[in-house]
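Q: Below you'll find entry_1.txt; it's compact mmCIF, C-alpha atoms.
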```txt
# COMPACT_ATOMS: atom_id res chain seq x y z
CA MET A 1 -24.35 -2.85 -11.21
CA SER A 2 -24.20 0.77 -10.09
CA LYS A 3 -20.89 2.61 -9.85
CA LYS A 4 -21.22 2.72 -6.07
CA GLN A 5 -21.64 -1.08 -6.00
CA LEU A 6 -18.67 -1.46 -8.34
CA ALA A 7 -16.51 0.68 -6.07
CA PHE A 8 -17.58 -1.39 -3.06
CA LEU A 9 -16.77 -4.63 -4.91
CA VAL A 10 -13.29 -3.40 -5.91
CA ILE A 11 -12.57 -2.30 -2.33
CA ILE A 12 -13.70 -5.61 -0.82
CA LEU A 13 -11.78 -7.72 -3.35
CA ILE A 14 -8.53 -5.82 -2.74
CA LEU A 15 -8.91 -5.76 1.05
CA VAL A 16 -9.78 -9.46 1.33
CA THR A 17 -6.99 -10.55 -1.04
CA ASP A 18 -4.47 -8.26 0.65
CA GLN A 19 -5.31 -9.46 4.17
CA ILE A 20 -5.49 -13.15 3.27
CA LEU A 21 -2.01 -13.02 1.74
CA LYS A 22 -0.57 -10.99 4.62
CA ILE A 23 -1.99 -13.33 7.25
CA TRP A 24 -0.74 -16.35 5.30
CA ILE A 25 2.73 -14.86 5.07
CA LYS A 26 2.72 -13.86 8.73
CA THR A 27 1.64 -17.33 9.90
CA ASN A 28 3.88 -19.35 7.55
CA PHE A 29 7.10 -17.33 7.15
CA SER A 30 9.65 -16.14 9.67
CA LEU A 31 10.99 -12.63 9.19
CA GLY A 32 13.44 -12.52 6.28
CA GLU A 33 12.36 -15.89 4.89
CA GLU A 34 12.35 -16.01 1.10
CA HIS A 35 10.91 -18.36 -1.53
CA LYS A 36 11.12 -18.23 -5.32
CA VAL A 37 7.88 -17.85 -7.28
CA ILE A 38 9.26 -17.36 -10.79
CA GLY A 39 12.99 -17.82 -11.29
CA ASP A 40 15.26 -15.34 -9.53
CA TRP A 41 13.21 -12.25 -10.35
CA PHE A 42 9.87 -12.84 -8.61
CA LEU A 43 10.24 -13.80 -4.96
CA LEU A 44 8.16 -13.92 -1.81
CA HIS A 45 10.39 -12.24 0.76
CA PHE A 46 8.83 -11.52 4.16
CA VAL A 47 9.71 -8.16 5.65
CA GLU A 48 7.82 -5.89 8.04
CA ASN A 49 7.61 -2.22 7.31
CA LYS A 50 7.26 0.16 10.25
CA GLY A 51 6.94 3.20 8.04
CA MET A 52 5.53 4.14 4.69
CA ALA A 53 4.88 2.22 1.48
CA PHE A 54 7.65 0.20 -0.16
CA GLY A 55 9.70 0.04 3.04
CA PHE A 56 10.38 3.73 3.60
CA ILE A 57 10.66 4.74 7.28
CA PHE A 58 8.91 7.60 9.06
CA GLY A 59 10.68 8.19 12.37
CA GLY A 60 10.03 6.74 15.76
CA ARG A 61 7.00 5.58 17.74
CA THR A 62 5.39 9.01 17.66
CA GLY A 63 5.94 9.20 13.93
CA LYS A 64 4.32 5.79 13.57
CA VAL A 65 1.14 6.96 15.31
CA ILE A 66 1.09 10.20 13.31
CA LEU A 67 1.50 8.25 10.07
CA THR A 68 -1.33 5.84 10.92
CA LEU A 69 -3.65 8.67 11.92
CA PHE A 70 -2.74 10.54 8.75
CA ARG A 71 -3.62 7.43 6.74
CA LEU A 72 -6.99 7.26 8.50
CA VAL A 73 -7.75 10.90 7.70
CA ALA A 74 -6.56 10.48 4.10
CA ALA A 75 -8.61 7.31 3.60
CA SER A 76 -11.71 9.03 5.01
CA ALA A 77 -11.20 11.98 2.66
CA ILE A 78 -10.75 9.64 -0.32
CA ILE A 79 -13.97 7.69 0.26
CA ILE A 80 -15.97 10.89 0.86
CA TYR A 81 -14.54 12.38 -2.34
CA LEU A 82 -15.27 9.19 -4.28
CA LEU A 83 -18.91 9.12 -3.17
CA LYS A 84 -19.21 12.79 -4.11
CA LEU A 85 -17.77 12.17 -7.58
CA ILE A 86 -19.99 9.13 -8.18
CA LYS A 87 -23.04 11.40 -7.81
CA LYS A 88 -21.61 13.43 -10.71
CA ASP A 89 -21.54 10.34 -12.96
CA ILE A 90 -17.76 10.13 -13.36
CA PRO A 91 -16.14 7.57 -15.74
CA THR A 92 -16.15 3.96 -14.56
CA GLY A 93 -12.36 3.71 -14.82
CA LEU A 94 -11.96 6.65 -12.47
CA VAL A 95 -14.31 5.03 -9.95
CA ILE A 96 -12.19 1.87 -10.04
CA SER A 97 -8.88 3.72 -9.69
CA ILE A 98 -10.01 5.82 -6.70
CA ALA A 99 -11.51 2.72 -5.08
CA MET A 100 -8.13 0.98 -5.52
CA ILE A 101 -6.32 3.84 -3.81
CA PHE A 102 -8.78 3.79 -0.91
CA ALA A 103 -8.57 0.00 -0.52
CA GLY A 104 -4.77 0.10 -0.55
CA ALA A 105 -4.69 2.78 2.12
CA VAL A 106 -7.11 0.85 4.34
CA GLY A 107 -5.21 -2.41 3.79
CA ASN A 108 -2.05 -0.94 5.27
CA ILE A 109 -3.97 0.85 8.03
CA ILE A 110 -5.29 -2.53 9.22
CA ASP A 111 -1.72 -3.81 9.63
CA SER A 112 -0.52 -0.68 11.40
CA ALA A 113 -3.47 -0.52 13.76
CA PHE A 114 -4.09 -4.17 14.62
CA TYR A 115 -1.27 -6.55 13.68
CA GLY A 116 0.78 -5.59 16.72
CA ILE A 117 -1.95 -6.85 19.05
CA LEU A 118 -3.07 -9.79 16.89
CA PHE A 119 0.29 -11.51 16.32
CA THR A 120 3.51 -12.37 18.09
CA ASP A 121 6.70 -11.13 16.44
CA SER A 122 8.28 -13.07 13.56
CA TYR A 123 11.94 -12.93 14.56
CA GLY A 124 13.36 -16.40 13.96
CA ARG A 125 9.92 -18.01 14.10
CA VAL A 126 6.50 -18.12 12.49
CA ALA A 127 4.12 -15.71 14.22
CA GLU A 128 1.26 -16.94 16.36
CA PHE A 129 -2.22 -15.51 15.78
CA LEU A 130 -4.10 -14.23 18.85
CA PRO A 131 -1.38 -15.22 21.35
CA LYS A 132 -2.38 -15.69 24.98
CA GLY A 133 0.40 -13.44 26.21
CA GLY A 134 -0.53 -10.62 23.84
CA GLY A 135 0.99 -9.40 20.61
CA TYR A 136 4.35 -7.87 19.77
CA GLU A 137 3.17 -4.25 19.95
CA SER A 138 0.40 -1.93 21.11
CA PHE A 139 -2.52 -0.51 19.14
CA LEU A 140 -1.44 1.70 16.20
CA HIS A 141 2.17 0.46 16.44
CA GLY A 142 1.93 -2.64 14.26
CA SER A 143 4.15 -3.20 11.24
CA VAL A 144 2.90 -3.56 7.67
CA VAL A 145 3.55 -6.97 6.13
CA ASP A 146 5.36 -6.83 2.77
CA MET A 147 6.24 -9.81 0.60
CA PHE A 148 6.66 -9.11 -3.13
CA PHE A 149 10.30 -8.76 -4.15
CA LEU A 150 11.17 -8.22 -7.83
CA PRO A 151 14.96 -8.06 -8.29
CA ILE A 152 14.54 -7.90 -12.08
CA LEU A 153 17.92 -6.36 -12.89
CA LYS A 154 21.16 -7.10 -11.06
CA GLY A 155 24.62 -5.82 -11.78
CA THR A 156 27.37 -3.42 -10.73
CA TRP A 157 27.58 0.33 -11.20
CA PRO A 158 30.43 1.22 -13.63
CA SER A 159 33.61 2.69 -12.21
CA TRP A 160 32.97 5.98 -14.03
CA SER A 161 29.53 6.45 -12.47
CA PRO A 162 29.26 9.68 -10.41
CA ILE A 163 27.19 7.75 -7.84
CA ASN A 164 27.75 4.31 -6.32
CA ALA A 165 30.79 3.57 -8.48
CA ASN A 166 31.64 -0.19 -8.44
CA GLN A 167 28.74 -0.81 -6.06
CA PRO A 168 26.09 -3.52 -6.58
CA PHE A 169 23.06 -2.42 -8.60
CA LEU A 170 19.59 -3.85 -8.04
CA PHE A 171 16.24 -3.01 -9.61
CA PHE A 172 13.55 -3.26 -8.22
CA ARG A 173 14.77 -3.13 -4.58
CA PRO A 174 11.70 -2.24 -2.44
CA VAL A 175 9.54 -5.07 -1.08
CA PHE A 176 5.80 -4.35 -1.30
CA ASN A 177 2.33 -5.83 -0.91
CA ILE A 178 -1.06 -5.89 -2.67
CA ALA A 179 -2.19 -2.71 -0.90
CA ASP A 180 0.90 -0.82 -2.12
CA SER A 181 0.28 -2.13 -5.64
CA ALA A 182 -3.36 -1.02 -5.57
CA ILE A 183 -2.37 2.51 -4.57
CA THR A 184 0.35 2.70 -7.23
CA VAL A 185 -1.84 1.31 -10.03
CA GLY A 186 -4.77 3.52 -9.04
CA ILE A 187 -2.65 6.69 -9.06
CA SER A 188 -1.01 5.67 -12.35
CA ILE A 189 -4.39 5.16 -14.04
CA ILE A 190 -5.52 8.62 -12.92
CA LEU A 191 -2.31 10.30 -14.09
CA VAL A 192 -2.33 8.59 -17.49
CA PHE A 193 -6.04 8.56 -18.34
CA TYR A 194 -7.90 11.06 -16.14
CA ARG A 195 -5.69 14.11 -15.70
CA LYS A 196 -7.86 15.94 -18.22
CA PHE A 197 -10.97 15.13 -16.15
CA PHE A 198 -9.54 16.81 -13.05
CA ASN A 199 -8.22 19.73 -15.09
CA GLU A 200 -11.75 20.31 -16.35
CA ILE A 201 -13.09 20.21 -12.78
CA ASP A 202 -10.52 22.81 -11.72
CA LYS A 203 -11.39 24.95 -14.74
CA LYS A 204 -15.11 24.79 -13.91
CA LYS A 205 -14.43 25.74 -10.27
CA ALA A 206 -12.40 28.72 -11.43
CA GLU A 207 -15.21 29.82 -13.77
CA ASP A 208 -17.81 29.46 -11.01
CA ALA A 209 -15.64 31.51 -8.66
CA LYS A 210 -15.42 34.31 -11.23
CA GLU A 211 -19.21 34.37 -11.61
CA VAL A 212 -19.62 34.74 -7.84
```
Mind turning this structure into structure tokens?

A:
Amino acid sequence: MSKKQLAFLVIILILVTDQILKIWIKTNFSLGEEHKVIGDWFLLHFVENKGMAFGFIFGGRTGKVILTLFRLVAASAIIIYLLKLIKKDIPTGLVISIAMIFAGAVGNIIDSAFYGILFTDSYGRVAEFLPKGGGYESFLHGSVVDMFFLPILKGTWPSWSPINANQPFLFFRPVFNIADSAITVGISIILVFYRKFFNEIDKKKAEDAKEV
């Protein structure tokens, strides 16, 4: 299998898995519904994210369109860069990690661009797919479906804490999805294992610039 085929396989596997789970959640859970997977620390908790990864918000309807368009531009740049690097025979692990980042970006773009017109809302009910009366939002205004909730540590901030004294403490609070995970894991792999590779590329570019 060539590295280009491997990248394509990784992208397809992540996208298909991500979308299957999101559609299953959307068509079986009402918003806010929660079910235990493993004990009290691994839960499926259905939320919809109108903003960035892990539930962060990027303001308003205009901001939503800007964010989605930015994701499209970023995803396009990533796949072009990946194909360019593959021609230079980069390490297999780097191919996989960049493919993961691209797949994660596209997975969330699909939600943002299309879920608003494909589904009814999920407030107090399970969403309907391809409703006759139209979806809950217009093109590019859909919400990203998140479901993984890992409240691994629970407690209370001590009274002497300079922040949130005597307030409830929870780790890990954000709810996320497979696409978010793919982006995070892909970036982590690059930072841990391939920083030197990119440093060498930058060094070579600097040397080439001096020669010119």

Q: For Val10 of chain A, which residue out of A:Tyr136, A:Phe46, A:Trp41, A:Phe102 is the nearest one, using only C-alpha atoms?

A: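 Ranked by minimum distance to Val10 of chain A, first place goes to A:Phe102.
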
Q: So how far away is atom CA of Ile66 of chain A from atom CA of Phe139 of chain A, in Å?

A: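 Distance reported for this atom pair: 12.7 Å.
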
Q: Quick one: everything within 8 Å of segment 165-179 of chain A, counting only C-alpha atoms, minus sequence neighbours fewer than 4 positions away in the same chain. Send it as a ChimeraX atom specification.

A: /A:14-15,17-18,45,47,53-55,103-105,107-108,145-161,183

Q: Can you tell me which residues surround segment 24-39 of chain A at a distance of at most 8 Å, considering all atoms listed in the file, apart from same-chain residues fewer than 2 positions away, and format the answer as an MDAnalysis selection string?

A: chainID A and resid 20:22 41:48 122:129 145 147

Q: To one decimal in Å, tell me the separation between atom CA of Asn49 of chain A and atom CA of Gln19 of chain A.

A: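 Pair atom CA of Asn49 of chain A / atom CA of Gln19 of chain A returns 15.1 Å.
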
Q: Show me, as a VMD selection string, the residues that have an atom within 12 Å of Ala77 of chain A when counting all atoms listed in the file, minus same-chain residues fewer than 5 positions from it.

A: chain A and resid 70 to 72 82 to 84 98 101 to 102 105 to 106

Q: Rank A:Ile96, A:Leu67, A:Ile86, A:Ala182 by their smallest atom-to-atom distance to Gly142 of chain A, using all atoms listed in the file, and report the top residue only.

A: A:Leu67

Q: What gap, in Å, lies between atom CA of Ser188 of chain A and atom CA of Ile78 of chain A?

A: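 A separation of 16.0 Å between them.
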
Q: If we count all atoms listed in the file, what is near His141 of chain A at a cut-off of 10 Å, once residues fewer than 6 positions away on the same chain are taken out, given as number ranges by chain?

A: A: 50, 61-65, 68, 111-117

Q: Would you mind telling me which residue in A:Ile163, A:Tyr81, A:Glu137, A:Asp121 lies nearest to Leu94 of chain A when using only C-alpha atoms?

A: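 Nearest to Leu94 of chain A: A:Tyr81.
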